[in-house]
Amino acid sequence: MPEQPDFYTTTGNKSGLWSWIFSTDHKRIGVLYLFSLLVFFSIGAAFGLLMRLELIAPGKTIVEAATYNAFFTLHGVIMIFLFIIPGIPVSLGNFFLPLQIGAGDLAFPRINLLSWWLYMAGGLMALMSLFLGSGPPDTGWTFYAPYSIRTGTNVTMAVSAAFVLGFSSILTGLNFVTTIHRMRAPGMTWFRMPLFVWSLYATAWVQILATPILGITLLLVVTERLFGVGFFDPAKGGDPILYQHLFWIYSHPAVYIMVLPAMGVITEIIPVFSRRTIFGYKAIAFSSMAIASVGYFVWGHHMFTSGMSDTSRAVFSFLTFIVAIPSGVKVFNWVASLYKGSIRVDAPLLFSLSFIFLFSLGGLTGLIMGSLATNVHIHGTHFIVAHFHYVMFGGAGFAFIAGLHYWFPKMTGRMYSERRAKTGWAFLFTGFQLLYFPLFILGWQGMPRRYYDYLPDFHPLNAASTVGSWILAAGLIIIFFNLLRSIRNGGQAGPNPWGGTTLEWRTSSPPPAENFEVAPVVTEGPYAYHHKKDRIL
Amino acid sequence: MSRGQDTAGSRIGMWLFLFTEILLFGGLFMLYSVFRSKYAVEFHRAAEDLSRTAGTINTLVLLTSSLSMALAVAAIRRGKKNGSLIFQGLTILLGCVFLVIKYMEWSAKIGQGIYPDSPALLGLSHGEILFYGLYFVMTGLHGLHVVIGLWALIFMLASTLRGTISGARFVRLENSGLYWHFVDTVWVYLFPLFYLIT
């Protein structure tokens with residue numbers, strides 16, 4: 001194959017930093033997003049580590065209670081709005097969506113760049129809320145009224161940051177939907193699309209349909225703080241429960257913005273490393289859409305103890321259980337795809353298998369949270385903290401790392417060190433279990449979330465959890481050190497090191513600026529391993 | 001950006017964006033419906049103090065501006081640059097008239113001491129506080145959209161003058177038109193909900 005210059009050397013008419021921050025090439029924007037995400041992730045993780053350090057023993061350890069409140073608020077805001085919601089779609093999605101459907105770019109390249117700028121503006125505003133005004137916000141990431149309206153801390157800035165980030169998210173969503181409808185290569189029918197693309201499609205719809213509700217909710221918090229309109233203030237006839245409804249109408253679907261693309265990444269990796277076509281292609285594609293749509297009608301399960309009629313609670317609980325069905329379909333299909341495969345456990349598959357295990361634990365404990373009777377017992381305890389870290393970090397986080405390893409050769413043209421990746425995995429996985437599993441037990445025993453202090457009975461498990469956080473941090477450092485180092489020092493990867501069959505493996509690594517030298521024509525489904533006799537692995 | 005223009009793609013993008021705008025206002029309409037069902041009588045009483053004449057004139061102004069917007073797009077489709085310029089200018093003018101009338105309405109209310117968190121308003125019943133809260137927030141957000149729409153139309157006017165919008169390439173003007181019609185449609189709902197429920 002005659003080599004075209006890759007997109008790193010094709011800088012256009014700009015140079016240096018400018019060729020990145022003003023580039024409209026989806027691959028450059030994807031890489032730009034990736035590094036921005038990692039910066040914010042590190043800051044969020046640092047807050048998390050500090051919180052765990054504070055909780056290593058009862059009473060004051062390193063900070064005052066008010067500072068602790070700021071820690072968990074900023075940890076939540078940064079991890080949710082700046083890392084895990086944009087996460088996979090804006091980085092891996094941006095880079096690989098056009099490649100996987102055989103397109104030259106996204107439908108709106110300039111809007112794509114604008115969404116990165118908005119993302120950075122929102123990120124800087126979130127960080128500025130730490131230092132400007134009368135102290136960092138202390139409301140928790142949910143900004144519940146009436147406290148968010150009355151507290152003297154800099155909630156206005158943090159809320160405006162989340163609003164700007166939401167706008168960025170909407171633009172990415174409508175860009176992806178339009179791209180998938182309009183830019184597929186000849187022959188790429190809907191059911192020949194890779195399942196990662198299907199998951200991005202479902203995610204993009206959730207971004208479009210749910211984020212505006214967050215927008216108006218946050219806008220109302222700002223108006224309440226500035227003008228005191230009174231929508232959420234009982235003294236003026238308003239109702240704080242309405243805030244919770246509006247907030248969760250967005251923030252529950254947002255959970256699927258976080259996890260659907262992660263499921264898409266896993267679905268890409270499993271066929272490649274078991275040399276089998278995916279089991280139940282259509283079931284996986286439709287289950288993504290089913291999760292996205294049922295996910296709209298379950299927000300009330302965040303409010304079982306807030307004050308709602310028994311009928312609504314029963315309906316919300318029932319619908320919550322329904323979400324388990326499409327999720328279960330996916331888990332069974334992944335396992336069935338592995339069955340009788342020619343499995344090779346490289347780092348991407350290792351992280352994917354961990355995903356299935358951790359996500360299943362998180363998903364099943366979600367059913368415990370979703371049942372009315374048990375919910376009352378564990379509502380607002382560390383049980384929920386453990387549950388969502390299993391789903392979000394054990395799920396979306398592990399899938400993100402799996403995807404990074406899987407596509408690293410394509411993005412950089414180099415191979416990472418497999419041995420270091422596996423060492424990093426061992427630390428990450430062990431640390432993860434030690435950090436989060438004790439929180440299930442603590443929550444069941446009644447330790448509330450967001451509390452600065454706790455009873456002496458809870459000391460041993462809290463100490464274990466904090467030690468776990470150090471092991472987990474060591475794992476993250478090894479993993480990212482390995483990847484960053486391999487950008488320069490890794491061996492040449494070649495166009496298709498894994499023997500993948502989706503379109504991104506048909507172009508060179510890293511791809512040229514136009515993505516493909518010859519526009520691809522698609523004649524079969526994405527995982528056609530059945531008639532591939534030449535085993536590359 | 002010489003990838004060639006995908007007109008249908010641009011339209012899809014615009015419709016999706018308008019959909020998000022509907023949902024943005026949707027949150028406020030939801031609040032309105034909750035509070036109105038809770039305080040039906042007070043809403044009824046409060047609405048009597050709004051100027052129905054001003055509201056009606058503004059409805060006519062905006063509907064006429066939608067017509068002229070549609071005519072501006074129709075003219076550019078036929079390649080009639082000057083016709084389109086006149087209708088675009090008329091749309092902008094009508095948008096400004098709407099804002100001026102709205103400004104006078106707001107000032108009148110504020111002059112009476114009725115604005116969010118004002119002592120006079122807090123002296124009224126809960127339903128009336130919320131009615132005026134919704135009135136200021138919803139018409140305020142709508143007014144903000146009118147302003148954004150006007151800026152978009154001013155850019156379109158300049159592009160038409162420069163010739164970057166023409167009989168061959170007019171999807172941007174069409175999309176700005178869609179936005180303008182959307183802003184009108186929101187008003188068509190705001191008008192009865194605030195002025196005609198007495």
# chains A, B, ... in the order shown; residues from 1 in each chain; ligands from 1
>>> residues_around(residues="region 67-69 of chain B", least_positions_apart="4", cutoff="12 Å", atoms="only C-alpha atoms", output="number ranges by chain")
B: 60-63, 73-76, 83-95, 149-150, 153, 156-157, 173-182, 184
>>> closest_atom_pairs(of="chain A", to="chain B", cutoff="10 Å", atoms="only C-alpha atoms", output="Markdown table")
| residue | atom | partner | partner_atom | distance |
| --- | --- | --- | --- | --- |
| A:Thr24 | CA | B:Met1 | CA | 9.0 |
| A:Gly104 | CA | B:Arg3 | CA | 9.0 |
| A:Asp105 | CA | B:Arg3 | CA | 9.5 |
| A:Ala107 | CA | B:Gly9 | CA | 7.1 |
| A:Phe108 | CA | B:Ser10 | CA | 8.3 |
| A:Pro109 | CA | B:Met1 | CA | 8.6 |
| A:Arg110 | CA | B:Met1 | CA | 9.0 |
| A:Phe167 | CA | B:Thr20 | CA | 9.9 |
| A:Ile170 | CA | B:Thr20 | CA | 7.9 |
| A:Leu171 | CA | B:Phe17 | CA | 8.1 |
| A:Gly173 | CA | B:Leu16 | CA | 9.2 |
| A:Leu174 | CA | B:Gly13 | CA | 6.1 |
| A:Asn175 | CA | B:Gly13 | CA | 7.0 |
| A:Phe176 | CA | B:Gly13 | CA | 9.6 |
| A:Val177 | CA | B:Gly13 | CA | 8.3 |
| A:Thr178 | CA | B:Gly13 | CA | 6.1 |
| A:Thr179 | CA | B:Gly9 | CA | 7.9 |
| A:His181 | CA | B:Gly9 | CA | 8.2 |
| A:Arg182 | CA | B:Gly9 | CA | 6.3 |
| A:Met183 | CA | B:Gly9 | CA | 8.9 |
| A:Trp205 | CA | B:Leu16 | CA | 9.5 |
| A:Gln207 | CA | B:Thr20 | CA | 9.4 |
| A:Ile208 | CA | B:Thr20 | CA | 6.1 |
| A:Leu209 | CA | B:Thr20 | CA | 6.4 |
| A:Ala210 | CA | B:Leu23 | CA | 8.0 |
| A:Thr211 | CA | B:Thr20 | CA | 7.9 |
| A:Pro212 | CA | B:Leu24 | CA | 4.8 |
| A:Ile213 | CA | B:Leu24 | CA | 5.6 |
| A:Leu214 | CA | B:Leu24 | CA | 8.3 |
| A:Gly215 | CA | B:Leu24 | CA | 6.7 |
| A:Ile216 | CA | B:Leu24 | CA | 5.5 |
| A:Thr217 | CA | B:Gly27 | CA | 7.4 |
| A:Leu219 | CA | B:Leu24 | CA | 9.9 |
| A:Leu220 | CA | B:Val137 | CA | 8.7 |
| A:Thr223 | CA | B:Val137 | CA | 8.3 |
| A:Glu224 | CA | B:Pro116 | CA | 9.3 |
| A:Leu226 | CA | B:Pro116 | CA | 9.9 |
| A:Phe227 | CA | B:Pro116 | CA | 6.1 |
| A:Gly228 | CA | B:Asp117 | CA | 5.5 |
| A:Val229 | CA | B:Pro116 | CA | 5.0 |
| A:Gly230 | CA | B:Leu130 | CA | 6.9 |
| A:Phe231 | CA | B:Leu130 | CA | 6.7 |
| A:Pro234 | CA | B:His126 | CA | 9.0 |
| A:Ala235 | CA | B:His126 | CA | 8.2 |
| A:Lys236 | CA | B:His126 | CA | 5.5 |
| A:Gly237 | CA | B:His126 | CA | 4.6 |
| A:Gly238 | CA | B:Leu130 | CA | 7.3 |
| A:Asp239 | CA | B:Phe35 | CA | 9.3 |
| A:Leu242 | CA | B:Leu31 | CA | 7.8 |
| A:Tyr243 | CA | B:Leu31 | CA | 9.6 |
| A:Leu246 | CA | B:Gly27 | CA | 7.1 |
| A:Ile249 | CA | B:Gly27 | CA | 9.8 |
>>> residues_around(residues="region 412-415 of chain A", least_positions_apart="5", cutoff="12 Å", atoms="only C-alpha atoms", output="NGL selection string")
:A and (6-8 or 27-28 or 31 or 95 or 347 or 404-407 or 420-421 or 482-498 or 505 or 507-512)
>>> write_last_selection(atoms="N, CA, C and O atoms", output="short mmCIF file (atom, residue, chain, number, x, y, z; two decimals), in the first residue's frame")
data_model
loop_
_atom_site.label_atom_id
_atom_site.label_comp_id
_atom_site.auth_asym_id
_atom_site.auth_seq_id
_atom_site.Cartn_x
_atom_site.Cartn_y
_atom_site.Cartn_z
N ASP A 6 0.31 10.72 7.25
CA ASP A 6 -0.78 10.57 8.19
C ASP A 6 -1.27 11.94 8.67
O ASP A 6 -0.67 12.97 8.36
N PHE A 7 -2.39 11.93 9.41
CA PHE A 7 -3.03 13.21 9.75
C PHE A 7 -2.23 14.02 10.75
O PHE A 7 -2.47 15.21 10.91
N TYR A 8 -1.24 13.39 11.41
CA TYR A 8 -0.40 14.17 12.33
C TYR A 8 0.54 15.10 11.55
O TYR A 8 0.89 16.17 12.02
N LYS A 27 -10.30 13.66 13.60
CA LYS A 27 -9.29 12.87 14.30
C LYS A 27 -8.48 13.75 15.24
O LYS A 27 -8.22 13.39 16.39
N ARG A 28 -8.12 14.94 14.75
CA ARG A 28 -7.41 15.87 15.62
C ARG A 28 -8.29 16.31 16.78
O ARG A 28 -7.82 16.39 17.93
N VAL A 31 -8.37 13.57 19.35
CA VAL A 31 -7.16 13.50 20.18
C VAL A 31 -7.13 14.66 21.17
O VAL A 31 -6.78 14.50 22.35
N PHE A 95 -13.16 10.16 16.88
CA PHE A 95 -12.10 9.63 16.04
C PHE A 95 -12.62 8.51 15.14
O PHE A 95 -12.33 8.47 13.95
N ALA A 347 -4.78 -7.13 26.41
CA ALA A 347 -5.29 -6.10 27.32
C ALA A 347 -6.70 -5.63 26.98
O ALA A 347 -7.53 -5.53 27.89
N LEU A 404 -9.28 2.44 24.66
CA LEU A 404 -8.01 3.14 24.45
C LEU A 404 -6.93 2.15 24.01
O LEU A 404 -6.14 2.43 23.10
N HIS A 405 -6.88 0.97 24.65
CA HIS A 405 -5.86 -0.02 24.28
C HIS A 405 -6.16 -0.61 22.91
O HIS A 405 -5.26 -0.83 22.10
N TYR A 406 -7.45 -0.87 22.66
CA TYR A 406 -7.84 -1.50 21.41
C TYR A 406 -7.50 -0.61 20.21
O TYR A 406 -6.96 -1.05 19.21
N TRP A 407 -7.80 0.70 20.34
CA TRP A 407 -7.62 1.60 19.20
C TRP A 407 -6.30 2.38 19.26
O TRP A 407 -6.02 3.15 18.35
N ARG A 420 3.11 -4.33 30.52
CA ARG A 420 2.79 -3.22 31.43
C ARG A 420 1.28 -3.02 31.51
O ARG A 420 0.74 -2.72 32.57
N ALA A 421 0.61 -3.19 30.37
CA ALA A 421 -0.84 -3.01 30.38
C ALA A 421 -1.48 -4.01 31.34
O ALA A 421 -2.40 -3.67 32.10
N ASN A 482 2.23 3.76 30.55
CA ASN A 482 2.48 2.82 29.46
C ASN A 482 2.01 3.39 28.12
O ASN A 482 2.75 3.40 27.14
N LEU A 483 0.77 3.92 28.11
CA LEU A 483 0.23 4.42 26.84
C LEU A 483 1.01 5.64 26.36
O LEU A 483 1.41 5.72 25.20
N LEU A 484 1.27 6.59 27.29
CA LEU A 484 1.95 7.82 26.87
C LEU A 484 3.36 7.51 26.37
O LEU A 484 3.82 8.06 25.38
N ARG A 485 4.04 6.59 27.07
CA ARG A 485 5.40 6.25 26.69
C ARG A 485 5.42 5.58 25.31
O ARG A 485 6.29 5.84 24.49
N SER A 486 4.42 4.74 25.06
CA SER A 486 4.40 3.99 23.80
C SER A 486 4.12 4.87 22.59
O SER A 486 4.37 4.46 21.46
N ILE A 487 3.60 6.09 22.81
CA ILE A 487 3.36 6.98 21.66
C ILE A 487 4.69 7.20 20.94
O ILE A 487 4.75 7.23 19.70
N ARG A 488 5.79 7.32 21.71
CA ARG A 488 7.11 7.51 21.08
C ARG A 488 7.88 6.20 20.93
O ARG A 488 8.51 5.97 19.92
N ASN A 489 7.81 5.36 22.00
CA ASN A 489 8.72 4.22 22.03
C ASN A 489 8.13 2.90 21.57
O ASN A 489 8.86 1.92 21.45
N GLY A 490 6.83 2.85 21.34
CA GLY A 490 6.23 1.58 20.96
C GLY A 490 6.69 1.11 19.59
O GLY A 490 7.12 1.91 18.77
N GLY A 491 6.57 -0.21 19.34
CA GLY A 491 6.92 -0.74 18.03
C GLY A 491 5.87 -0.36 17.01
O GLY A 491 4.75 0.00 17.35
N GLN A 492 6.24 -0.43 15.72
CA GLN A 492 5.27 -0.11 14.66
C GLN A 492 4.10 -1.09 14.71
O GLN A 492 4.29 -2.29 14.88
N ALA A 493 2.88 -0.55 14.61
CA ALA A 493 1.72 -1.42 14.75
C ALA A 493 1.22 -1.97 13.43
O ALA A 493 0.67 -3.06 13.38
N GLY A 494 1.42 -1.24 12.35
CA GLY A 494 0.85 -1.67 11.08
C GLY A 494 -0.63 -1.36 11.03
O GLY A 494 -1.23 -1.01 12.04
N PRO A 495 -1.24 -1.47 9.83
CA PRO A 495 -2.63 -1.04 9.68
C PRO A 495 -3.62 -1.87 10.49
O PRO A 495 -4.64 -1.35 10.93
N ASN A 496 -3.37 -3.16 10.70
CA ASN A 496 -4.40 -3.98 11.34
C ASN A 496 -3.79 -5.00 12.29
O ASN A 496 -3.81 -6.20 12.03
N PRO A 497 -3.28 -4.57 13.45
CA PRO A 497 -2.58 -5.50 14.33
C PRO A 497 -3.48 -6.57 14.94
O PRO A 497 -3.01 -7.64 15.29
N TRP A 498 -4.79 -6.28 15.11
CA TRP A 498 -5.66 -7.26 15.78
C TRP A 498 -6.38 -8.16 14.77
O TRP A 498 -7.12 -9.05 15.17
N TRP A 505 -9.87 -0.47 10.21
CA TRP A 505 -8.64 -1.27 10.07
C TRP A 505 -8.20 -1.39 8.63
O TRP A 505 -7.18 -1.98 8.34
N THR A 507 -7.59 1.23 6.70
CA THR A 507 -6.73 2.35 6.33
C THR A 507 -5.44 2.27 7.13
O THR A 507 -5.30 1.41 8.00
N SER A 508 -4.48 3.12 6.78
CA SER A 508 -3.18 3.02 7.45
C SER A 508 -3.28 3.53 8.89
O SER A 508 -4.24 4.17 9.28
N SER A 509 -2.26 3.21 9.70
CA SER A 509 -2.21 3.67 11.09
C SER A 509 -1.01 4.59 11.26
O SER A 509 0.11 4.11 11.04
N PRO A 510 -1.17 5.81 11.69
CA PRO A 510 -2.42 6.56 11.83
C PRO A 510 -3.02 6.87 10.45
O PRO A 510 -2.28 6.94 9.47
N PRO A 511 -4.33 7.09 10.40
CA PRO A 511 -4.97 7.29 9.10
C PRO A 511 -4.53 8.60 8.45
O PRO A 511 -4.13 9.53 9.15
N PRO A 512 -4.59 8.69 7.11
CA PRO A 512 -4.31 9.96 6.44
C PRO A 512 -5.43 10.97 6.73
O PRO A 512 -6.49 10.58 7.22
#
>>> atom_distance(atom1="CA of Ala70 (chain A)", atom2="CA of Asp138 (chain A)")
4.6 Å
>>> residues_around(residues="Leu74 (chain A)", least_positions_apart="4", cutoff="12 Å", atoms="only C-alpha atoms", output="PyMOL selection string")
chain A and resi 40-41+43-48+50-51+67-70+78-82+123+125-131+135-143+154-155+158-159+161-162
>>> atom_distance(atom1="CA of Phe437 (chain A)", atom2="CA of Thr203 (chain A)")
28.8 Å
>>> select_by_dssp(residues="region 50-180 of chain B", states="alpha helix (DSSP H)", output="PyMOL selection string")
chain B and resi 52-77+81-111+119-122+126-162+171-180
>>> residues_around(residues="Asn94 (chain A)", least_positions_apart="5", cutoff="9 Å", atoms="only C-alpha atoms", output="list in words")
His26, Lys27, Ile29, Gly30, Val31, Tyr33, Ile88, Pro89, Leu106, Asn112, Thr172 and Phe176 of chain A
>>> residues_around(residues="region 448-457 of chain A", least_positions_apart="2", cutoff="9 Å", atoms="only C-alpha atoms", output="list in words")
Met51, Glu54, Leu55, Ala57, Pro58, Gly59, Lys60, Glu64, Ala65, Ala66, Tyr68, Asn69, Phe72, Gly140, Ile378, His379, Gly380, Thr381, His382, Phe383, Ile384, Val385, Leu442, Gly443, Gly446, His459, Pro460 and Leu461 of chain A
>>> write_last_selection(atoms="N, CA and C atoms", output="short mmCIF file (atom, residue, chain, number, x, y, z; two decimals), in the first residue's frame")
data_model
loop_
_atom_site.label_atom_id
_atom_site.label_comp_id
_atom_site.auth_asym_id
_atom_site.auth_seq_id
_atom_site.Cartn_x
_atom_site.Cartn_y
_atom_site.Cartn_z
N MET A 51 -10.71 12.78 49.22
CA MET A 51 -11.89 12.42 50.02
C MET A 51 -11.67 11.11 50.76
N GLU A 54 -9.42 11.58 53.65
CA GLU A 54 -10.11 12.18 54.79
C GLU A 54 -10.89 11.11 55.56
N LEU A 55 -11.46 10.13 54.82
CA LEU A 55 -12.31 9.14 55.47
C LEU A 55 -11.52 7.95 56.02
N ALA A 57 -9.98 7.67 58.70
CA ALA A 57 -10.26 7.50 60.12
C ALA A 57 -11.42 8.42 60.50
N PRO A 58 -12.16 8.09 61.57
CA PRO A 58 -13.26 8.97 61.99
C PRO A 58 -12.72 10.34 62.41
N GLY A 59 -13.58 11.33 62.34
CA GLY A 59 -13.18 12.68 62.75
C GLY A 59 -12.34 13.36 61.70
N LYS A 60 -11.77 14.49 62.09
CA LYS A 60 -10.98 15.26 61.14
C LYS A 60 -9.63 14.58 60.89
N GLU A 64 -11.19 20.37 56.87
CA GLU A 64 -12.40 20.69 57.63
C GLU A 64 -13.62 20.15 56.88
N ALA A 65 -14.74 20.09 57.59
CA ALA A 65 -15.96 19.56 57.00
C ALA A 65 -16.39 20.35 55.76
N ALA A 66 -16.26 21.68 55.82
CA ALA A 66 -16.71 22.50 54.69
C ALA A 66 -15.86 22.20 53.45
N TYR A 68 -14.42 19.38 52.84
CA TYR A 68 -14.85 18.06 52.38
C TYR A 68 -16.08 18.17 51.48
N ASN A 69 -17.03 19.04 51.89
CA ASN A 69 -18.22 19.26 51.06
C ASN A 69 -17.84 19.76 49.67
N PHE A 72 -16.40 16.72 47.54
CA PHE A 72 -17.31 15.77 46.86
C PHE A 72 -18.14 16.46 45.78
N GLY A 140 -23.06 19.33 46.41
CA GLY A 140 -23.12 18.04 45.72
C GLY A 140 -23.41 18.31 44.26
N ILE A 378 -31.62 1.68 52.07
CA ILE A 378 -30.26 2.05 51.66
C ILE A 378 -30.18 3.38 50.94
N HIS A 379 -31.30 4.11 50.85
CA HIS A 379 -31.30 5.39 50.14
C HIS A 379 -30.30 6.36 50.79
N GLY A 380 -29.50 7.00 49.95
CA GLY A 380 -28.57 8.01 50.48
C GLY A 380 -27.46 7.43 51.36
N THR A 381 -27.17 6.14 51.21
CA THR A 381 -26.05 5.57 51.97
C THR A 381 -24.88 5.31 51.03
N HIS A 382 -23.81 4.72 51.58
CA HIS A 382 -22.68 4.37 50.73
C HIS A 382 -22.99 3.25 49.76
N PHE A 383 -24.14 2.57 49.95
CA PHE A 383 -24.52 1.52 49.01
C PHE A 383 -24.68 2.12 47.61
N ILE A 384 -25.32 3.27 47.52
CA ILE A 384 -25.52 3.89 46.21
C ILE A 384 -24.19 4.38 45.65
N VAL A 385 -23.30 4.82 46.52
CA VAL A 385 -21.98 5.26 46.06
C VAL A 385 -21.26 4.07 45.41
N LEU A 442 -20.72 -1.11 53.95
CA LEU A 442 -20.89 0.06 54.81
C LEU A 442 -22.27 0.67 54.61
N GLY A 443 -22.70 0.75 53.35
CA GLY A 443 -24.00 1.33 53.06
C GLY A 443 -25.11 0.48 53.65
N GLY A 446 -25.53 1.11 57.08
CA GLY A 446 -26.15 2.39 57.40
C GLY A 446 -25.24 3.60 57.37
N HIS A 459 -14.87 1.96 61.01
CA HIS A 459 -13.48 2.31 60.72
C HIS A 459 -12.74 1.29 59.87
N PRO A 460 -12.76 -0.03 60.21
CA PRO A 460 -11.92 -0.97 59.43
C PRO A 460 -12.22 -0.96 57.94
N LEU A 461 -13.52 -1.00 57.58
CA LEU A 461 -13.85 -1.06 56.15
C LEU A 461 -13.48 0.24 55.45
#
>>> atom_distance(atom1="CA of Gln244 (chain A)", atom2="CA of Thr73 (chain A)")
16.9 Å
>>> residues_around(residues="Ile291 (chain A)", least_positions_apart="6", cutoff="12 Å", atoms="only C-alpha atoms", output="PyMOL selection string")
chain A and resi 199+202-203+205-206+252-257+259-261+263+283-285+297-298+319-330
>>> closest_residue(among="A:Gly431, A:Gly300, A:Pro186, A:Pro438", to="His387 (chain A)", atoms="only C-alpha atoms")
A:Pro438
